[in-house]
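Student: Provided herewith is a single structure, encoded as structure tokens, for subsequent inquiry.
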Amino acid sequence: MKAFSVLDGLVAPLDRANVDTDAIIPKQFLKSIKRTGFGPNLFDEWRYRDHGEPGEDCSVRPVNPDFVLNQPRYQGARILLTRDNFGCGSSREHAPWALEDFGFQVLIGTSFADIFFSNCFKNGLLPIVLPAAEVDKLFDDCAANEGYCLVVDLGAQTVTRPDGRSLKFEIDAFRKECLLNGWDDIGLTLRHADAIREFESKRRSEHPYYYA
Amino acid sequence: MKAQTLYEKLWTSHLVRQEADGTALIYIDRHLVHEVTSPQAFEGLKLAGRKPWRVGSIVATADHNTPTEHWDQGITDPVSRQQVETLDANIRESGALAYFPFKDERQGIVHVIGPEIGAILPGMTVVCGDSHTSTHGAFACLAHGIGTSEVEHVLATQCLLQKRSRTLLIRVEGELQHGVSAKDVVLAIIGVIGTAGGTGYAIEFGGSAIRALSMEGRMTVCNMAIEAGARAGLIAVDETTIDYLKDKPFAPVGALWDQAVDYWRTLHSDDGASFDKEVVLDAATIAPQVTWGTSPEMVAPVGGRVPDPARETDPVKREGITRALKYMGLAPNTLISDIPVDQVFIGSCTNSRIEDLREAAAVAKGRRKAASVKRVLVVPGSGLVKRQAEAEGLDQIFRAAGFEWREPGCSMCLAMNADRLEPGDHCASTSNRNFEGRQGAGGRTHLVSPAMAAAAAVTGRFGDWRELA
């Protein structure tokens with residue numbers, strides 16, 4: 001996994017609640033057996049005016065100029081500002097794969113759906129939860145200022161505005177370490193292989209019917 | 001000993017170790033695998049030179065991409081076919097407790113076949129790269145959906161990295177009105193707590209109305225826990241659970257069965273156990289439900305109306321309602337019963353089991369699809385459900401009513417195969433998600449129970465099925 005420490009990035013606002021993973025990456029693109037290449041189809045139904053299918057050249061498709069990520073001022077955005085319950089619905093990891101492939105590295109919102117939230121950390125994508133009043137303010141500032149950037153420092157757990165004011169965010173210590181170092185979960189877990197084997201053998205003798 | 005919740009019992013009994021910040025390694029008993037979320041996990045495993053930890057935990061099937069008609073032609077979409085063939089190759093190489101490939105008699109939706117063969121047993125931890133894994137909480141399993149990286153992690157280590165959830169008890173007390181089903185109950189719950197109401201929680205469903213449900217009804221309720229934001233839903237073990245499992249092919253037998261049942265009877269929240277939050281619903285007040293919007297919380301009782309955004313004070317919610325009504329092509333204050341029906345879908349891991357099909361057939365019997373309804377799909381959840389329905393003559397009832405009787409699979413719940421809505425179509429659907437485009441780009445989904453879906457098919461509107469003479 002890619003490591004993450006500090007990002008100074010352009011912010012794009014997606015001002016709607018309950019953005020589901022079907023919207024982030026529609027089902028037809030889930031037929032791929034790869035982990036990469038989903039970026040051009042991120043928010044496909046909102047981004048384009050036609051219906052997309054896997055394998056198409058998206059550069060020649062008609063874009064929806066009203067969709068926020070198509071606006072010139074948000075090109076190159078690295079931070080996505082979101083509302084409540086972002087990433088709800090399907091567990092598809094294709095959603096963080098698409099966000100990451102598109103270029104996002106940080107998501108800032110008031111709440112994220114549980115499965116999506118975990119999936120982000122497996123892909124070097126940092127979801128940050130801030131209080132609703134702060135997120136409202138970020139939406140306002142972002143709308144009012146073209147080229148609005150924020151500095152996200154994972155080590156310090158801060159989001160710093162252009163005026164220098166910093167907002168503190170919470171993150172699990174374990175996830176933070178993994179993300180800062182780009183560690184692979186599986187390798188870490190396998191360091192405890194003996195503990196797993198011991199647990200398993202005890203469970204097998206206490207509950208043999210689970211191993212029939 | 002301190003009174004424990006069912007969740008605490010399941011968590012504690014699977015805890016391998018814990019980090020200082022509470023991140024835990026949880027042992028996984030059952031790993032359900034399907035073709036969409038597993039190829040990258042198997043590939044990752046292979047690239048790292050790792051092998052699956054315990055293939056005896058794996059139950060696999062192809063369900064999302066498989067067609068529901070013309071099986072003699074195979075899978076004609078080459079991209080879908082490649083994904084199904086990749087699963088085939090991966091499982092043949094790794095091995096599994098059970099694998100039901102495309103066209104196998106026992107193939108079907110992974111969340112239907114797991115329980116029906118007895119591969120889901122109380123007290124297990126169950127994972128699948130699929131959010132509707134919450135279904136299996138109906139058996140007092142700690143069951144939840146995971147992403148593909150986690151699928152790889154479970155394959156490699158038989159464990160999942162998790163933090164303990166908070167606990168939410170939702171009690172539905174009293175007796176349900178005649179003709180109100182498990183689907184109506186769970187839609188009503190989501191209407192009350194919202195689609196993020198369960199975020200961060202494991203929900204235990206309890207109360208007399210939940211205890212009165214069959215196992216299939218309980219699966220319907222737990223299936224949609226994720227639609228309330230909760231990764232896991234749970235229901236305690238009782239005689240209904242044990243009766244359901246007896247003599248299932250993968251359930252234990254003889255002395256092992258007795259030993260298992262003794263343990264399973266302990267799988268309930270103790271008297272006096274404390275939950276982080278509790279919500280109580282009065283069963284008698286729940287009417288058949290119909291969703292009108294693009295999120296499962298946008299739901300109303302059948303006699304109700306679509307809301308008016310002008311009356312919503314929260315600006316984000318107001319904008320959400322306005323956007324949903326525009327997408328759904330509905331005016332504020334429209335009567336639910338005035339919404340037209342273009343297509344009907346009876347199926348999905350929420351409502352494709354035999355009791356669901358019986359419920360729909362009872363309404364369809366002796367009636368015909370309304371002329372205004374273009375198509376009615378009935379998609380059984382598995383090959384075994386299909387065979388049972390045909391033995392009972394349900395297929396004949398559906399066909400006589402002008403409904404299409406299909407082969408098993410996920411079908412139009414997510415429209416990854418050829419079954420999908422046309423843009424603008426209103427669909428009465430027994431599935432679980434009414435998101436924009438979920439059943440096909442531009443499609444308009446209204447979530448309902450099987451009886452309500454069948455009634456919508458024969459009347460062409462969202463009326464109260466109990467009023468059909």
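How things are named: the first chain in the structure tokens is A, the next is B, and so on; residues count from 1 in each chain; ligands count from 1 in the order shown.
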Which residues come within 12 Å of stretch 251-265 of chain B, counting only C-alpha atoms, excluding same-chain residues fewer than 6 positions away, as a PyMOL selection string?
Tutor: (chain A and resi 205-212) or (chain B and resi 6+9-10+13+114-124+139-141+236-245)
Student: Those selected residues, please, written with N, CA, C and O atoms and delivered as a short mmCIF file (atom, residue, chain, number, x, y, z; two decimals), in the first residue's frame.
Tutor:
```cif
data_model
loop_
_atom_site.label_atom_id
_atom_site.label_comp_id
_atom_site.auth_asym_id
_atom_site.auth_seq_id
_atom_site.Cartn_x
_atom_site.Cartn_y
_atom_site.Cartn_z
N SER A 205 -11.30 -27.80 19.09
CA SER A 205 -11.60 -28.83 20.10
C SER A 205 -12.84 -28.46 20.92
O SER A 205 -13.61 -29.32 21.31
N GLU A 206 -13.07 -27.15 21.13
CA GLU A 206 -14.26 -26.76 21.90
C GLU A 206 -15.54 -26.80 21.07
O GLU A 206 -16.63 -27.05 21.58
N HIS A 207 -15.42 -26.49 19.81
CA HIS A 207 -16.60 -26.40 18.92
C HIS A 207 -16.34 -27.20 17.64
O HIS A 207 -16.28 -26.62 16.54
N PRO A 208 -16.23 -28.51 17.76
CA PRO A 208 -15.85 -29.32 16.57
C PRO A 208 -16.86 -29.23 15.43
O PRO A 208 -16.49 -29.42 14.27
N TYR A 209 -18.12 -28.91 15.75
CA TYR A 209 -19.17 -28.87 14.72
C TYR A 209 -18.96 -27.74 13.71
O TYR A 209 -19.59 -27.71 12.67
N TYR A 210 -18.10 -26.79 14.01
CA TYR A 210 -17.81 -25.75 13.01
C TYR A 210 -16.75 -26.22 12.01
O TYR A 210 -16.43 -25.51 11.06
N TYR A 211 -16.19 -27.39 12.27
CA TYR A 211 -15.10 -27.87 11.41
C TYR A 211 -15.44 -29.18 10.72
O TYR A 211 -14.57 -29.85 10.21
N ALA A 212 -16.72 -29.54 10.73
CA ALA A 212 -17.12 -30.83 10.16
C ALA A 212 -16.92 -30.82 8.65
O ALA A 212 -16.97 -29.78 8.02
N LEU B 6 -25.51 -10.27 23.05
CA LEU B 6 -25.16 -11.30 22.08
C LEU B 6 -23.91 -10.88 21.31
O LEU B 6 -23.01 -11.69 21.07
N LYS B 9 -20.80 -11.52 23.30
CA LYS B 9 -20.48 -12.95 23.35
C LYS B 9 -19.78 -13.39 22.07
O LYS B 9 -18.77 -14.12 22.10
N LEU B 10 -20.30 -12.96 20.95
CA LEU B 10 -19.72 -13.36 19.66
C LEU B 10 -18.33 -12.76 19.48
O LEU B 10 -17.40 -13.41 19.00
N SER B 13 -15.76 -14.46 21.84
CA SER B 13 -15.44 -15.84 21.50
C SER B 13 -14.64 -15.96 20.20
O SER B 13 -14.23 -17.06 19.84
N GLY B 114 -26.10 -20.22 1.37
CA GLY B 114 -25.36 -20.51 2.61
C GLY B 114 -26.28 -21.08 3.69
O GLY B 114 -26.07 -22.19 4.17
N PRO B 115 -27.34 -20.35 4.05
CA PRO B 115 -28.26 -20.86 5.07
C PRO B 115 -29.02 -22.11 4.62
O PRO B 115 -29.25 -23.00 5.42
N GLU B 116 -29.42 -22.18 3.37
CA GLU B 116 -30.30 -23.29 2.98
C GLU B 116 -29.58 -24.63 3.00
O GLU B 116 -30.22 -25.66 3.14
N ILE B 117 -28.25 -24.63 2.88
CA ILE B 117 -27.53 -25.91 2.98
C ILE B 117 -26.99 -26.14 4.40
O ILE B 117 -26.33 -27.15 4.66
N GLY B 118 -27.27 -25.22 5.31
CA GLY B 118 -26.79 -25.40 6.68
C GLY B 118 -25.32 -25.06 6.86
O GLY B 118 -24.70 -25.48 7.83
N ALA B 119 -24.76 -24.27 5.94
CA ALA B 119 -23.36 -23.88 6.07
C ALA B 119 -23.19 -22.66 6.98
O ALA B 119 -22.07 -22.26 7.29
N ILE B 120 -24.31 -22.07 7.37
CA ILE B 120 -24.29 -20.94 8.30
C ILE B 120 -24.86 -21.46 9.62
O ILE B 120 -26.04 -21.83 9.68
N LEU B 121 -24.02 -21.53 10.65
CA LEU B 121 -24.45 -22.08 11.93
C LEU B 121 -24.34 -21.01 13.02
O LEU B 121 -23.42 -20.17 12.97
N PRO B 122 -25.24 -21.03 13.98
CA PRO B 122 -25.21 -20.03 15.05
C PRO B 122 -23.84 -19.96 15.72
O PRO B 122 -23.17 -20.99 15.88
N GLY B 123 -23.45 -18.76 16.09
CA GLY B 123 -22.19 -18.57 16.79
C GLY B 123 -20.99 -18.42 15.89
O GLY B 123 -19.88 -18.19 16.35
N MET B 124 -21.20 -18.53 14.58
CA MET B 124 -20.09 -18.35 13.64
C MET B 124 -19.81 -16.86 13.42
O MET B 124 -20.71 -16.03 13.55
N PHE B 139 -29.03 -15.86 12.26
CA PHE B 139 -28.67 -17.10 12.94
C PHE B 139 -27.78 -16.83 14.16
O PHE B 139 -27.06 -17.72 14.60
N ALA B 140 -27.82 -15.61 14.67
CA ALA B 140 -26.92 -15.24 15.76
C ALA B 140 -25.46 -15.44 15.37
O ALA B 140 -24.64 -15.92 16.15
N CYS B 141 -25.16 -15.12 14.14
CA CYS B 141 -23.77 -15.09 13.66
C CYS B 141 -23.31 -13.64 13.64
O CYS B 141 -24.11 -12.75 13.35
N ALA B 236 -31.25 -13.34 18.23
CA ALA B 236 -30.89 -14.42 19.16
C ALA B 236 -31.37 -15.78 18.65
O ALA B 236 -32.35 -15.87 17.91
N VAL B 237 -30.70 -16.81 19.09
CA VAL B 237 -31.11 -18.20 18.79
C VAL B 237 -32.35 -18.54 19.62
O VAL B 237 -32.44 -18.17 20.79
N ASP B 238 -33.31 -19.20 19.00
CA ASP B 238 -34.42 -19.79 19.74
C ASP B 238 -34.83 -21.08 19.03
O ASP B 238 -34.10 -21.56 18.15
N GLU B 239 -35.97 -21.65 19.38
CA GLU B 239 -36.37 -22.92 18.78
C GLU B 239 -36.54 -22.80 17.27
O GLU B 239 -36.32 -23.75 16.52
N THR B 240 -36.99 -21.63 16.82
CA THR B 240 -37.17 -21.40 15.39
C THR B 240 -35.85 -21.61 14.64
O THR B 240 -35.80 -22.22 13.58
N THR B 241 -34.77 -21.09 15.24
CA THR B 241 -33.44 -21.23 14.63
C THR B 241 -33.03 -22.70 14.56
O THR B 241 -32.56 -23.19 13.53
N ILE B 242 -33.21 -23.36 15.69
CA ILE B 242 -32.74 -24.75 15.79
C ILE B 242 -33.57 -25.66 14.88
O ILE B 242 -33.01 -26.50 14.16
N ASP B 243 -34.89 -25.45 14.86
CA ASP B 243 -35.75 -26.26 13.97
C ASP B 243 -35.35 -26.08 12.51
O ASP B 243 -35.37 -27.02 11.73
N TYR B 244 -35.02 -24.84 12.14
CA TYR B 244 -34.64 -24.57 10.75
C TYR B 244 -33.39 -25.36 10.35
O TYR B 244 -33.29 -25.87 9.23
N LEU B 245 -32.43 -25.46 11.28
CA LEU B 245 -31.14 -26.05 10.93
C LEU B 245 -31.13 -27.58 10.94
O LEU B 245 -30.29 -28.19 10.28
#
```
Student: Identify every residue of chain A that has at least one atom within 7 Å of any atom of chain B, counting only C-alpha atoms, and report the result as a VMD selection string.
Tutor: chain A and resid 16 to 17 22 27 to 28 30 to 31 33 to 35 85 89 to 93 113 to 115 119 122 172 to 174 186 190 195 to 196 199 209
Student: Those selected residues, please, written with C-alpha atoms and delivered as a tab-separated table (two decimals), in the first residue's frame.
Tutor:
```
chain	number	residue	atom	x	y	z
A	16	ARG	CA	-24.99	15.91	-1.29
A	17	ALA	CA	-25.71	13.45	1.51
A	22	ASP	CA	-23.32	2.55	-6.80
A	27	LYS	CA	-22.09	-1.91	-11.37
A	28	GLN	CA	-21.12	-2.50	-15.00
A	30	LEU	CA	-17.36	-4.19	-11.40
A	31	LYS	CA	-16.96	-6.87	-14.02
A	33	ILE	CA	-10.89	-8.51	-12.56
A	34	LYS	CA	-8.26	-5.80	-12.04
A	35	ARG	CA	-7.72	-3.28	-9.23
A	85	ASN	CA	-23.00	8.89	5.12
A	89	GLY	CA	-24.48	0.76	0.25
A	90	SER	CA	-22.46	-1.92	-1.49
A	91	SER	CA	-19.13	-3.06	-0.02
A	92	ARG	CA	-17.41	-2.78	-3.42
A	93	GLU	CA	-13.77	-1.75	-2.94
A	113	ALA	CA	-20.34	4.35	5.89
A	114	ASP	CA	-18.48	1.65	7.87
A	115	ILE	CA	-17.38	-0.73	5.13
A	119	ASN	CA	-11.83	0.01	2.49
A	122	LYS	CA	-6.51	-0.40	2.59
A	172	ASP	CA	-7.22	5.06	15.20
A	173	ALA	CA	-3.55	4.73	16.17
A	174	PHE	CA	-3.21	1.43	14.32
A	186	ILE	CA	-1.62	-9.18	5.82
A	190	LEU	CA	0.89	-13.06	9.71
A	195	ALA	CA	-1.54	-16.97	17.95
A	196	ILE	CA	-4.05	-17.62	15.17
A	199	PHE	CA	-6.80	-19.98	18.73
A	209	TYR	CA	-19.17	-28.87	14.72
```
Student: Write out as an NGL selection string all residues of stretch 136-380 of chain B that backbone DSSP assigns to helix (DSSP H, G or I).
Tutor: :B and (136-139 or 148-157 or 182-193 or 208-211 or 215-223 or 226-228 or 239-245 or 254-264 or 283-285 or 309-311 or 315-328 or 336-338 or 354-364)
Student: State, in Å with one decimal place, the distance from atom CA of B:Val126 to atom CA of B:Cys349.
Tutor: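 We find that atom CA of B:Val126 and atom CA of B:Cys349 lie 15.7 Å from each other.
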Student: Using DSSP on the backbone coordinates, identify all residues within stretch 15-198 of chain A classified as strand (DSSP E); present the result as a list of chain:residue names.
Tutor: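 Of stretch 15-198 of chain A, the ones in strand (DSSP E) are A:Ile79, A:Leu80, A:Leu81, A:Val106, A:Leu107, A:Ile108, A:Gly109, A:Leu126, A:Pro127, A:Ile128, A:Val129, A:Cys149, A:Leu150, A:Val151, A:Val152, A:Asp153, A:Thr158, A:Val159, A:Thr160, A:Ser166, A:Leu167, A:Lys168.
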Student: With N, CA and C atoms retained, export the selected residues as a short mmCIF file (atom, residue, chain, number, x, y, z; two decimals), in the first residue's frame.
Tutor:
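Full text of part.cif as output:
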```cif
data_model
loop_
_atom_site.label_atom_id
_atom_site.label_comp_id
_atom_site.auth_asym_id
_atom_site.auth_seq_id
_atom_site.Cartn_x
_atom_site.Cartn_y
_atom_site.Cartn_z
N ILE A 79 -8.53 16.54 -2.81
CA ILE A 79 -9.33 16.39 -1.58
C ILE A 79 -10.80 16.54 -1.96
N LEU A 80 -11.62 15.57 -1.56
CA LEU A 80 -13.05 15.65 -1.86
C LEU A 80 -13.80 15.95 -0.57
N LEU A 81 -14.61 17.00 -0.63
CA LEU A 81 -15.42 17.42 0.50
C LEU A 81 -16.79 16.76 0.34
N VAL A 106 -7.57 12.32 -0.13
CA VAL A 106 -8.23 12.61 1.15
C VAL A 106 -9.71 12.89 0.90
N LEU A 107 -10.55 12.38 1.80
CA LEU A 107 -11.97 12.70 1.78
C LEU A 107 -12.27 13.37 3.12
N ILE A 108 -13.02 14.47 3.07
CA ILE A 108 -13.40 15.13 4.32
C ILE A 108 -14.92 15.22 4.36
N GLY A 109 -15.51 14.71 5.44
CA GLY A 109 -16.97 14.76 5.56
C GLY A 109 -17.40 14.65 6.99
N LEU A 126 -7.30 8.60 2.69
CA LEU A 126 -7.57 8.99 4.08
C LEU A 126 -8.94 9.66 4.22
N PRO A 127 -9.91 9.00 4.88
CA PRO A 127 -11.19 9.64 5.14
C PRO A 127 -11.15 10.36 6.49
N ILE A 128 -11.50 11.64 6.49
CA ILE A 128 -11.42 12.44 7.71
C ILE A 128 -12.81 12.89 8.11
N VAL A 129 -13.15 12.65 9.38
CA VAL A 129 -14.45 13.08 9.90
C VAL A 129 -14.26 14.36 10.70
N CYS A 149 -7.31 25.45 -1.33
CA CYS A 149 -6.50 24.28 -0.96
C CYS A 149 -6.48 24.10 0.55
N LEU A 150 -6.28 22.86 0.97
CA LEU A 150 -6.10 22.55 2.39
C LEU A 150 -4.82 21.73 2.54
N VAL A 151 -4.21 21.84 3.71
CA VAL A 151 -3.04 21.00 4.00
C VAL A 151 -3.45 19.95 5.02
N VAL A 152 -3.30 18.71 4.66
CA VAL A 152 -3.65 17.61 5.55
C VAL A 152 -2.35 16.97 6.04
N ASP A 153 -2.19 16.95 7.37
CA ASP A 153 -0.98 16.35 7.96
C ASP A 153 -1.43 15.17 8.82
N THR A 158 -3.98 16.98 11.53
CA THR A 158 -4.57 18.31 11.34
C THR A 158 -4.94 18.56 9.88
N VAL A 159 -5.99 19.38 9.73
CA VAL A 159 -6.36 19.95 8.43
C VAL A 159 -6.16 21.44 8.58
N THR A 160 -5.29 22.02 7.76
CA THR A 160 -4.98 23.44 7.92
C THR A 160 -5.53 24.25 6.75
N SER A 166 -5.90 25.59 12.08
CA SER A 166 -5.88 24.13 11.95
C SER A 166 -7.05 23.48 12.66
N LEU A 167 -7.59 22.44 12.03
CA LEU A 167 -8.63 21.62 12.64
C LEU A 167 -8.02 20.28 12.96
N LYS A 168 -8.26 19.80 14.16
CA LYS A 168 -7.71 18.51 14.60
C LYS A 168 -8.69 17.41 14.19
#
```
Student: Just want the 10 Å neighbourhood of A:Ser5, counted on only C-alpha atoms, with same-chain residues fewer than 6 positions away dropped. Output as a VMD selection string.
Tutor: chain A and resid 126 152 to 157 176 179 to 182
Student: Please, could you write that set of residues out with N, CA, C and O atoms as a PDB file, in the first residue's frame?
Tutor:
```
ATOM      1  N   LEU A 126      -7.302   8.603   2.695  1.00  0.00           N
ATOM      2  CA  LEU A 126      -7.567   8.994   4.084  1.00  0.00           C
ATOM      3  C   LEU A 126      -8.941   9.659   4.218  1.00  0.00           C
ATOM      4  O   LEU A 126      -9.132  10.771   3.728  1.00  0.00           O
ATOM      5  N   VAL A 152      -3.299  18.713   4.656  1.00  0.00           N
ATOM      6  CA  VAL A 152      -3.647  17.612   5.554  1.00  0.00           C
ATOM      7  C   VAL A 152      -2.352  16.970   6.039  1.00  0.00           C
ATOM      8  O   VAL A 152      -1.522  16.548   5.232  1.00  0.00           O
ATOM      9  N   ASP A 153      -2.185  16.948   7.365  1.00  0.00           N
ATOM     10  CA  ASP A 153      -0.985  16.355   7.959  1.00  0.00           C
ATOM     11  C   ASP A 153      -1.429  15.174   8.818  1.00  0.00           C
ATOM     12  O   ASP A 153      -2.021  15.363   9.887  1.00  0.00           O
ATOM     13  N   LEU A 154      -1.183  13.975   8.336  1.00  0.00           N
ATOM     14  CA  LEU A 154      -1.637  12.775   9.056  1.00  0.00           C
ATOM     15  C   LEU A 154      -0.887  12.612  10.373  1.00  0.00           C
ATOM     16  O   LEU A 154      -1.487  12.286  11.401  1.00  0.00           O
ATOM     17  N   GLY A 155       0.412  12.865  10.366  1.00  0.00           N
ATOM     18  CA  GLY A 155       1.202  12.729  11.601  1.00  0.00           C
ATOM     19  C   GLY A 155       0.663  13.618  12.708  1.00  0.00           C
ATOM     20  O   GLY A 155       0.494  13.183  13.850  1.00  0.00           O
ATOM     21  N   ALA A 156       0.375  14.871  12.359  1.00  0.00           N
ATOM     22  CA  ALA A 156      -0.114  15.835  13.348  1.00  0.00           C
ATOM     23  C   ALA A 156      -1.630  15.749  13.523  1.00  0.00           C
ATOM     24  O   ALA A 156      -2.195  16.390  14.411  1.00  0.00           O
ATOM     25  N   GLN A 157      -2.292  14.985  12.646  1.00  0.00           N
ATOM     26  CA  GLN A 157      -3.756  14.849  12.639  1.00  0.00           C
ATOM     27  C   GLN A 157      -4.445  16.215  12.518  1.00  0.00           C
ATOM     28  O   GLN A 157      -5.351  16.544  13.273  1.00  0.00           O
ATOM     29  N   LYS A 176      -3.431   4.757  11.590  1.00  0.00           N
ATOM     30  CA  LYS A 176      -2.506   5.860  11.316  1.00  0.00           C
ATOM     31  C   LYS A 176      -1.105   5.316  11.019  1.00  0.00           C
ATOM     32  O   LYS A 176      -0.476   5.707  10.031  1.00  0.00           O
ATOM     33  N   LEU A 179      -0.979   3.586   7.625  1.00  0.00           N
ATOM     34  CA  LEU A 179      -1.055   4.525   6.513  1.00  0.00           C
ATOM     35  C   LEU A 179       0.245   5.331   6.381  1.00  0.00           C
ATOM     36  O   LEU A 179       0.768   5.527   5.287  1.00  0.00           O
ATOM     37  N   LEU A 180       0.788   5.780   7.517  1.00  0.00           N
ATOM     38  CA  LEU A 180       2.036   6.552   7.490  1.00  0.00           C
ATOM     39  C   LEU A 180       3.177   5.723   6.882  1.00  0.00           C
ATOM     40  O   LEU A 180       4.034   6.259   6.185  1.00  0.00           O
ATOM     41  N   ASN A 181       3.150   4.428   7.167  1.00  0.00           N
ATOM     42  CA  ASN A 181       4.248   3.567   6.721  1.00  0.00           C
ATOM     43  C   ASN A 181       3.947   2.787   5.445  1.00  0.00           C
ATOM     44  O   ASN A 181       4.831   2.105   4.928  1.00  0.00           O
ATOM     45  N   GLY A 182       2.692   2.858   4.992  1.00  0.00           N
ATOM     46  CA  GLY A 182       2.312   2.086   3.808  1.00  0.00           C
ATOM     47  C   GLY A 182       2.387   0.593   4.059  1.00  0.00           C
ATOM     48  O   GLY A 182       2.653  -0.195   3.158  1.00  0.00           O
TER      49      GLY A 182
END
```
Student: How many Å separate atom CA of B:Met298 from atom CA of A:Asp140?
Tutor: 27.3 Å
Student: Kindly give the distance, in Å, that separates atom CA of B:Asp88 and atom CA of B:Val33, rounded to a single decimal.
Tutor: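 Between atom CA of B:Asp88 and atom CA of B:Val33 the gap works out to 11.2 Å.
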Student: Quick one: residues within 12 Å of B:Cys410, only C-alpha atoms, excluding same-chain residues fewer than 6 positions away - as a PyMOL selection string?
Tutor: chain B and resi 34-36+61-68+107-112+130+132+345-352+377-382+416-420+430-432+439
Student: Hey, which of B:Ile170, B:Val302, B:Cys427, B:Ile336 ends up closest to B:Leu281? Count only C-alpha atoms.
Tutor: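 Once distances to B:Leu281 are computed over only C-alpha atoms, the minimum belongs to B:Ile170.
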Student: Within 7 Å of A:Asn18, counting only C-alpha atoms, which residues show up once you throw out same-chain ones fewer than 4 positions away? Write them as an NGL selection string, please.
Tutor: :A and (84-86 or 88)
Student: Show me, as a PyMOL selection string, the residues that have an atom within 12 Å of B:Trp71 when counting only C-alpha atoms, minus same-chain residues fewer than 2 positions from it.
Tutor: chain B and resi 66-69+73-76+102-104+406-409
